[in-house]
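File shown: model_29.cif (mmCIF, C-alpha atoms and all ligand atoms).
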data_query
loop_
_atom_site.label_atom_id
_atom_site.label_comp_id
_atom_site.auth_asym_id
_atom_site.auth_seq_id
_atom_site.Cartn_x
_atom_site.Cartn_y
_atom_site.Cartn_z
CA MET N 1 -50.91 3.03 46.25
CA PRO N 2 -50.88 2.25 42.49
CA VAL N 3 -53.55 3.92 40.45
CA LYS N 4 -55.93 1.41 39.01
CA PRO N 5 -56.40 2.04 35.25
CA SER N 6 -59.89 2.92 34.21
CA SER N 7 -61.82 0.40 32.16
CA SER N 8 -61.61 2.69 29.11
CA GLU N 9 -57.78 2.76 29.44
CA GLU N 10 -57.71 -1.03 29.74
CA GLU N 11 -59.85 -1.29 26.64
CA TYR N 12 -57.68 1.20 24.74
CA PHE N 13 -54.43 -0.66 25.49
CA ALA N 14 -55.98 -4.08 24.84
CA ARG N 15 -57.27 -2.83 21.48
CA GLN N 16 -53.86 -1.45 20.60
CA GLU N 17 -52.23 -4.76 21.50
CA ALA N 18 -54.83 -6.73 19.53
CA GLU N 19 -54.26 -4.48 16.50
CA ARG N 20 -50.46 -4.90 16.77
CA ARG N 21 -50.84 -8.70 16.96
CA ARG N 22 -53.28 -8.71 14.02
CA LYS N 23 -50.76 -6.81 11.87
CA LEU N 24 -47.98 -9.24 12.87
CA ALA N 25 -50.19 -12.22 11.98
CA GLU N 26 -51.03 -10.64 8.60
CA GLU N 27 -47.33 -10.03 7.90
CA ARG N 28 -46.50 -13.63 8.85
CA GLN N 29 -49.30 -14.89 6.59
CA ALA N 30 -48.10 -12.76 3.65
CA MET N 31 -44.52 -14.01 4.17
CA LEU N 32 -45.69 -17.63 4.25
CA LEU N 33 -47.72 -17.12 1.07
CA ALA N 34 -44.73 -15.54 -0.68
CA GLU N 35 -42.48 -18.42 0.45
CA GLU N 36 -45.08 -20.96 -0.67
CA ARG N 37 -45.40 -19.27 -4.08
CA GLU N 38 -41.62 -19.30 -4.49
CA ARG N 39 -41.43 -22.98 -3.46
CA GLU N 40 -44.21 -23.89 -5.93
CA ARG N 41 -42.59 -21.87 -8.70
CA ALA N 42 -39.21 -23.56 -8.15
CA LEU N 43 -40.86 -26.99 -7.91
CA HIS N 44 -42.90 -26.59 -11.11
CA PHE N 45 -40.53 -24.54 -13.24
CA MET N 46 -40.31 -26.08 -16.74
CA LYS N 47 -42.42 -29.05 -15.66
CA CYS N 48 -45.32 -30.11 -17.88
CA PRO N 49 -48.65 -28.81 -16.44
CA LYS N 50 -50.37 -32.02 -17.58
CA CYS N 51 -48.01 -34.87 -16.66
CA GLY N 52 -45.34 -33.18 -14.53
CA MET N 53 -42.36 -34.27 -16.62
CA GLN N 54 -39.54 -31.97 -17.74
CA LEU N 55 -40.35 -29.53 -20.58
CA GLU N 56 -37.78 -28.98 -23.31
CA GLU N 57 -37.52 -25.58 -24.95
CA ILE N 58 -37.24 -25.74 -28.73
CA ALA N 59 -36.56 -22.55 -30.69
CA PHE N 60 -38.22 -22.14 -34.08
CA GLY N 61 -37.14 -18.74 -35.29
CA GLU N 62 -38.10 -16.28 -32.59
CA VAL N 63 -40.80 -18.60 -31.24
CA HIS N 64 -39.73 -20.73 -28.30
CA VAL N 65 -41.94 -23.73 -27.75
CA ASP N 66 -41.95 -25.69 -24.49
CA LYS N 67 -42.42 -29.30 -25.50
CA CYS N 68 -43.22 -32.29 -23.30
CA PHE N 69 -41.83 -35.45 -24.86
CA SER N 70 -43.66 -37.54 -22.28
CA CYS N 71 -47.32 -36.61 -23.01
CA GLU N 72 -46.55 -34.77 -26.30
CA GLY N 73 -48.05 -31.49 -25.03
CA ILE N 74 -46.85 -28.21 -26.52
CA TRP N 75 -46.83 -25.03 -24.44
CA LEU N 76 -46.37 -21.41 -25.40
CA ASP N 77 -45.18 -18.59 -23.16
CA LYS N 78 -46.81 -15.19 -23.05
CA GLY N 79 -46.12 -13.38 -26.33
CA GLU N 80 -45.46 -16.53 -28.36
CA ILE N 81 -48.96 -16.57 -29.88
CA ASP N 82 -48.50 -12.94 -30.94
CA ALA N 83 -45.13 -13.90 -32.45
CA ILE N 84 -46.81 -16.76 -34.37
CA GLN N 85 -49.63 -14.46 -35.53
CA GLY N 86 -47.06 -11.99 -36.80
CA ARG N 87 -45.49 -14.61 -39.04
CA GLU N 88 -46.45 -15.59 -42.57
CA ALA N 89 -49.38 -17.88 -43.36
CA GLY N 90 -48.36 -21.50 -42.88
CA PHE N 91 -45.85 -20.73 -40.14
CA MET N 92 -47.89 -22.60 -37.51
CA GLY N 93 -48.07 -25.68 -39.75
CA ARG N 94 -44.29 -25.61 -40.28
CA LEU N 95 -43.79 -25.17 -36.53
CA LEU N 96 -46.01 -28.18 -35.73
CA ASN N 97 -44.25 -30.25 -38.41
CA VAL N 98 -41.08 -30.03 -36.32
CA PHE N 99 -42.75 -32.29 -33.76
CA ARG N 100 -44.41 -34.77 -36.11
CA GLN N 101 -42.90 -38.21 -35.96
ZN ZN B 1 -46.48 -33.81 -20.29
#

Mind converting the file's structure to structure tokens?
Ligand SMILES: [Zn+2]
Amino acid sequence: MPVKPSSSEEEYFARQEAERRRKLAEERQAMLLAEERERERALHFMKCPKCGMQLEEIAFGEVHVDKCFSCEGIWLDKGEIDAIQGREAGFMGRLLNVFRQ
């Protein structure tokens, strides 16, 4: 005759199973988030954050400006402001003059 598991054993194994399933669900969720982030990154890479059109990278010395020729926005990557600050007075004005029509 099979031995009937005690209620504490049933609870123990059910808890273990629930914990295993919870970890799997968390791993699936993290994988989906990572995939979603990668999809978003690929979809939006070098697209204007305001109008969604293609950004063009224009080099001005060591400063690389991402320019949208659709809405006329100008975007700077991390470090570009520091690079501009490190330049001589009037550098920003000369940089902006590049885009004046
Ligand atoms: Zn734009």

Neighbour list for Lys47 in chain N as a PyMOL selection string, cut-off 12 Å, all atoms listed in the file, skip fewer than 4 positions in-chain:
chain N and resi 40-43+51-57+66-71+73-75

Quick one, how far is CA of Gln29 in chain N from CA of Ala14 in chain N?
22.2 Å

When you count all atoms listed in the file, which of these residues is closest to ligand ZN 1 (chain B): N:Cys48, N:Val3, N:Ala30, N:Ala18?
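Closest to ligand ZN 1 (chain B) of all the choices is N:Cys48.
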
Just want the 10 Å neighbourhood of range 84-94 of chain N, counted on all atoms listed in the file, with same-chain residues fewer than 3 positions away dropped. Output as a CSV table (one decimal) with C-alpha atoms, keeping the file's coordinate frame.
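Output file selection_27.csv follows:
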chain,number,residue,atom,x,y,z
N,60,PHE,CA,-38.2,-22.1,-34.1
N,61,GLY,CA,-37.1,-18.7,-35.3
N,62,GLU,CA,-38.1,-16.3,-32.6
N,63,VAL,CA,-40.8,-18.6,-31.2
N,79,GLY,CA,-46.1,-13.4,-26.3
N,80,GLU,CA,-45.5,-16.5,-28.4
N,81,ILE,CA,-49.0,-16.6,-29.9
N,97,ASN,CA,-44.2,-30.2,-38.4
N,98,VAL,CA,-41.1,-30.0,-36.3
N,99,PHE,CA,-42.8,-32.3,-33.8

One decimal, in Å: what's the spacing between CA of Ala83 in chain N and CA of Pro49 in chain N?
22.2 Å

Å distance separating CA of Glu72 in chain N from CA of Arg39 in chain N, one decimal place
26.2 Å
